[in-house]
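Below: one structure, written as structure tokens.
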Amino acid sequence: MATAEIDVPAEALPTLAQANDDISRPIYPPSWRYYLLLAICGIGILAGGTAWAIQIRNGIGMTGINNPVSWGVYIVTFVFWVGIAHSGTLISAVLYLVRSGWRTTINRAAEAMTIFAVMTAGLFPLIHLGRVWYFYYLVPYPSTRLLWPNFRSPLVWDMFAIGTYFTISLVFWYLGLIPDLAVLRDKFTGIKKKLYGAFSLGWTGSVRDWAHYRRLYLYLAGIATPLVLSVHSVVSWDFAMGIVPGWHSTIFAPYFVAGAIFSGIAMVITIMIPLRWAFGLEKYITKYHFDNMSKLLLFTSLIVGYAYAIEFFLAWWVNDPIEKESFGWRATGYYALPFWIMVFCNVVVPMSLWFKRTRNNLAALFVVTIFVNIGMWYERFVIIVTSLAHEFEPGGWGIYVPTTTEILIMIGSFAWFFFWFLLFSRTLPVISIAEVKEHLAHEHEHGH
Amino acid sequence: MSGIVAHYDTLGATRDAIERLRDAGHSDFDVFSPFPAPELEEAMGITSSPVRRWALIGGITGFLTATALTGLTSLAYPLVTQGKPILSWPAFFVIMFEMTILFTGLFGFAGVLFHTWRSRRRLSPGYREVFSVDRFGVYLHDAGGKAAELTSMLRETGAVEIEEVAA
């Protein structure tokens, strides 16, 4: 890591012991503000949970989904959260493989975000199911009825993809945490020492153990890279395998993967800006990191914008009247407003990131990422709802409007996600202590 | 039997100490590092880890398990869906791909747990809490009656602190 990346002269670099203290400081008893944030999230979860309970009691008729739009806000929000989950692995695995030093201080929080986002996303197929207790039909087990899941179905692929993604992300995250848990074990006393000690699995930092650790870390990065590409491809096939106009397209897999990385990076920035400020981590997460993430955001925005344009181009080029009608209606019909919100938030607003002034102004960057978060939710809404609402037969066209139940559950999902993130930020190091030390040691030793 | 723990505060000095110890014919020692240091692994002569075998076996197991799961269950209940053949390998490949990755990761993690088990049963008597902060430790399990000689050798390599421990 070059000195420029840290953004401070070499003599001002923190020592290893300082890094140890700085990064583990947030774990000390938090202030009332933290509890206030937790309480706000708690209220959100309660609201969403209550709405879900009412929906389970009264049935799926509590939602606006019906014929022809049978996938609504739940599936939109599911795809949104799976997308958010993508940047964590991208930052930890892909940037690790290409040896991008700047990932070091942001990978831990991004990986945590991945896990909590998958946990949030995973709720939505259950909520959408209505009779949630039939979920086990998806699980392949030798039942007495000799029935097995249909492995040709993209929904079953999806369960395997998301399940694998969650498990591998968790292993990746936990493996990275083990040395840091040992740091906390050595730092604390009493019950905390016992707890962190138990989870650190007796880690001593023996070089022999590091050798095993480093190998597995490399392998996990290696397998997580194709995994991250596969997961959102499989999610996109939930749609593209259907013959619905607006869905049945070969560009869906790369289009969804780019969108996922775009939204994920935006959420990482949205979270990191306040986190860095609240925990005083300016020395570790610098403008350099935000500058790099902004460039990734800009790049993926261009891909997403290109995909939007090419969808319309293909509809025109193929000259299929149903495709042309579907896309024409998407931009000018009943759902024109969501469509143009999507274009504005995902394509127009990120163009401000061409300017270094925007990339280096954290307040402006924060606002841009909020736009992207909103825009990417709308993107999924536009893809899912407008396609279903306007299929082949004019007699089968219809309109879907979300109900309060659906909106409350969606808001509850945000509260649920941030609740877990808040808990994480006060119990575990939000930056990888071992990796920061590795870079600092080399900086000090080579005297940059 | 008594051992020696030497503290170092730089990577370079630790590497020198490892090289000196190995040159003097010692192999019964542990080195503690607060962060991953390929240089130290190299100095200790560690070139690979059996974890790679665990990962490979895991990947093959996952692939075969998924092949068996999708193929055999389709044959056991041969119902034509979506007009596709009973054995629809292109569709099943998605499951095979995901399970290959899943098993590679889980087996690899099991491998790490297995191969670090010795050091996890109880913290090594040569381990000190500073080794998770900013110091490197070299722990010679048994000085074999040459404690004075070894101490002076370790001090020459730049040890900042040396202590004797009962193993």
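Going by the structure tokens order, chains are called A, B, ..., each with residues numbered from 1, while ligands are numbered from 1 in the order shown.
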
Which of segment 117-344 of chain A DSSP labels helix (DSSP H, G or I), written as number ranges by chain: A: 117-129, 132-138, 154-187, 190-199, 207-240, 252-278, 287-318, 321-332, 336-344

Interface residues on chain B facing chain A, 6 Å, only C-alpha atoms, written as a PyMOL selection string: chain B and resi 31-36+49+91+98+102+112+116+120+129+132-134

Long-range neighbours of Glu282 of chain A as a list in words, 12 Å cut-off, only C-alpha atoms, 3 positions minimum in chain: Ile6, Asp7, Val8, Leu13, Pro14, Ala19, Asp22, Ile23, Thr105, Met272, Ile273, Pro274, Leu275, Arg276, Trp277, Ala278, Phe279, Ile285, Thr286, Lys287, Tyr288, His289, Phe290, Leu362 and Ile431 of chain A

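Between atom CA of Thr50 of chain A and atom CA of Met376 of chain A lies a distance of 26.5 Å.
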
Shortest interatomic distance to Thr10 of chain B - which of B:Gly111, B:Arg53, B:Ala37, B:Val165, counting only C-alpha atoms: B:Ala37

Selected residue of minimal separation from Arg15 of chain B among B:Phe63, B:Lys84, B:Val94, B:Thr157, counting only C-alpha atoms: B:Thr157

All residues 10 Å or closer to Ser263 of chain A, only C-alpha atoms, same chain fewer than 3 positions away omitted, as a list of chain:residue names: A:Phe80, A:Trp81, A:Val82, A:Gly83, A:Ile84, A:Ala85, A:His86, A:Ser87, A:Val257, A:Ala258, A:Gly259, A:Ala260, A:Ala266, A:Met267, A:Val268, A:Leu297, A:Thr300, A:Ser301, A:Asn346, A:Thr369, A:Ile370, A:Val372, A:Asn373, A:Ile374, A:Gly375, A:Met376, A:Trp377

Selection to disk with N, CA and C atoms, as a PDB file, in the first residue's frame:
ATOM      1  N   PHE A  80     -33.536  -6.498  -4.542  1.00  0.00           N
ATOM      2  CA  PHE A  80     -32.782  -5.331  -4.072  1.00  0.00           C
ATOM      3  C   PHE A  80     -31.744  -5.755  -3.029  1.00  0.00           C
ATOM      4  N   TRP A  81     -32.160  -6.537  -2.039  1.00  0.00           N
ATOM      5  CA  TRP A  81     -31.229  -6.921  -0.962  1.00  0.00           C
ATOM      6  C   TRP A  81     -30.177  -7.904  -1.438  1.00  0.00           C
ATOM      7  N   VAL A  82     -30.556  -8.806  -2.341  1.00  0.00           N
ATOM      8  CA  VAL A  82     -29.529  -9.705  -2.879  1.00  0.00           C
ATOM      9  C   VAL A  82     -28.476  -8.867  -3.610  1.00  0.00           C
ATOM     10  N   GLY A  83     -28.938  -7.832  -4.301  1.00  0.00           N
ATOM     11  CA  GLY A  83     -28.001  -6.939  -4.990  1.00  0.00           C
ATOM     12  C   GLY A  83     -27.069  -6.250  -4.016  1.00  0.00           C
ATOM     13  N   ILE A  84     -27.631  -5.739  -2.922  1.00  0.00           N
ATOM     14  CA  ILE A  84     -26.811  -5.074  -1.901  1.00  0.00           C
ATOM     15  C   ILE A  84     -25.737  -6.031  -1.389  1.00  0.00           C
ATOM     16  N   ALA A  85     -26.104  -7.310  -1.312  1.00  0.00           N
ATOM     17  CA  ALA A  85     -25.179  -8.300  -0.754  1.00  0.00           C
ATOM     18  C   ALA A  85     -23.942  -8.499  -1.630  1.00  0.00           C
ATOM     19  N   HIS A  86     -23.976  -8.003  -2.861  1.00  0.00           N
ATOM     20  CA  HIS A  86     -22.900  -8.348  -3.776  1.00  0.00           C
ATOM     21  C   HIS A  86     -21.585  -7.621  -3.579  1.00  0.00           C
ATOM     22  N   SER A  87     -21.644  -6.406  -3.071  1.00  0.00           N
ATOM     23  CA  SER A  87     -20.396  -5.658  -3.016  1.00  0.00           C
ATOM     24  C   SER A  87     -19.458  -6.218  -1.973  1.00  0.00           C
ATOM     25  N   VAL A 257     -25.909  -8.566 -12.653  1.00  0.00           N
ATOM     26  CA  VAL A 257     -24.666  -8.583 -11.871  1.00  0.00           C
ATOM     27  C   VAL A 257     -24.103  -7.157 -11.766  1.00  0.00           C
ATOM     28  N   ALA A 258     -24.096  -6.438 -12.895  1.00  0.00           N
ATOM     29  CA  ALA A 258     -23.592  -5.060 -12.864  1.00  0.00           C
ATOM     30  C   ALA A 258     -24.457  -4.200 -11.941  1.00  0.00           C
ATOM     31  N   GLY A 259     -25.766  -4.385 -12.035  1.00  0.00           N
ATOM     32  CA  GLY A 259     -26.680  -3.622 -11.171  1.00  0.00           C
ATOM     33  C   GLY A 259     -26.447  -3.932  -9.704  1.00  0.00           C
ATOM     34  N   ALA A 260     -26.174  -5.216  -9.422  1.00  0.00           N
ATOM     35  CA  ALA A 260     -25.960  -5.626  -8.038  1.00  0.00           C
ATOM     36  C   ALA A 260     -24.703  -4.968  -7.478  1.00  0.00           C
ATOM     37  N   ALA A 266     -22.883   1.368  -3.655  1.00  0.00           N
ATOM     38  CA  ALA A 266     -23.574   2.555  -3.145  1.00  0.00           C
ATOM     39  C   ALA A 266     -23.913   2.377  -1.675  1.00  0.00           C
ATOM     40  N   MET A 267     -24.392   1.189  -1.313  1.00  0.00           N
ATOM     41  CA  MET A 267     -24.757   0.967   0.092  1.00  0.00           C
ATOM     42  C   MET A 267     -23.523   0.955   0.987  1.00  0.00           C
ATOM     43  N   VAL A 268     -22.407   0.410   0.496  1.00  0.00           N
ATOM     44  CA  VAL A 268     -21.169   0.436   1.297  1.00  0.00           C
ATOM     45  C   VAL A 268     -20.806   1.886   1.615  1.00  0.00           C
ATOM     46  N   LEU A 297     -18.384   2.984  -8.682  1.00  0.00           N
ATOM     47  CA  LEU A 297     -19.805   3.334  -8.773  1.00  0.00           C
ATOM     48  C   LEU A 297     -20.102   3.953 -10.137  1.00  0.00           C
ATOM     49  N   THR A 300     -19.898   1.200 -12.876  1.00  0.00           N
ATOM     50  CA  THR A 300     -21.066   0.307 -12.929  1.00  0.00           C
ATOM     51  C   THR A 300     -22.315   1.076 -13.344  1.00  0.00           C
ATOM     52  N   SER A 301     -22.366   2.367 -13.032  1.00  0.00           N
ATOM     53  CA  SER A 301     -23.496   3.180 -13.483  1.00  0.00           C
ATOM     54  C   SER A 301     -23.530   3.231 -15.008  1.00  0.00           C
ATOM     55  N   ASN A 346     -30.108   6.411 -11.366  1.00  0.00           N
ATOM     56  CA  ASN A 346     -29.031   5.461 -11.669  1.00  0.00           C
ATOM     57  C   ASN A 346     -28.122   5.910 -12.798  1.00  0.00           C
ATOM     58  N   THR A 369     -25.159   8.475  -3.294  1.00  0.00           N
ATOM     59  CA  THR A 369     -25.412   7.052  -3.029  1.00  0.00           C
ATOM     60  C   THR A 369     -26.852   6.819  -2.562  1.00  0.00           C
ATOM     61  N   ILE A 370     -27.422   7.799  -1.856  1.00  0.00           N
ATOM     62  CA  ILE A 370     -28.838   7.654  -1.459  1.00  0.00           C
ATOM     63  C   ILE A 370     -29.703   7.580  -2.717  1.00  0.00           C
ATOM     64  N   VAL A 372     -28.771   6.513  -5.587  1.00  0.00           N
ATOM     65  CA  VAL A 372     -28.553   5.218  -6.236  1.00  0.00           C
ATOM     66  C   VAL A 372     -29.342   4.119  -5.523  1.00  0.00           C
ATOM     67  N   ASN A 373     -29.341   4.157  -4.180  1.00  0.00           N
ATOM     68  CA  ASN A 373     -30.117   3.151  -3.442  1.00  0.00           C
ATOM     69  C   ASN A 373     -31.582   3.196  -3.840  1.00  0.00           C
ATOM     70  N   ILE A 374     -32.114   4.401  -3.906  1.00  0.00           N
ATOM     71  CA  ILE A 374     -33.530   4.558  -4.292  1.00  0.00           C
ATOM     72  C   ILE A 374     -33.719   4.091  -5.734  1.00  0.00           C
ATOM     73  N   GLY A 375     -32.821   4.540  -6.592  1.00  0.00           N
ATOM     74  CA  GLY A 375     -32.933   4.198  -8.014  1.00  0.00           C
ATOM     75  C   GLY A 375     -32.877   2.708  -8.259  1.00  0.00           C
ATOM     76  N   MET A 376     -32.020   2.017  -7.500  1.00  0.00           N
ATOM     77  CA  MET A 376     -31.898   0.578  -7.744  1.00  0.00           C
ATOM     78  C   MET A 376     -33.110  -0.184  -7.228  1.00  0.00           C
ATOM     79  N   TRP A 377     -33.747   0.313  -6.194  1.00  0.00           N
ATOM     80  CA  TRP A 377     -35.006  -0.332  -5.764  1.00  0.00           C
ATOM     81  C   TRP A 377     -36.044  -0.156  -6.877  1.00  0.00           C
TER      82      TRP A 377
END
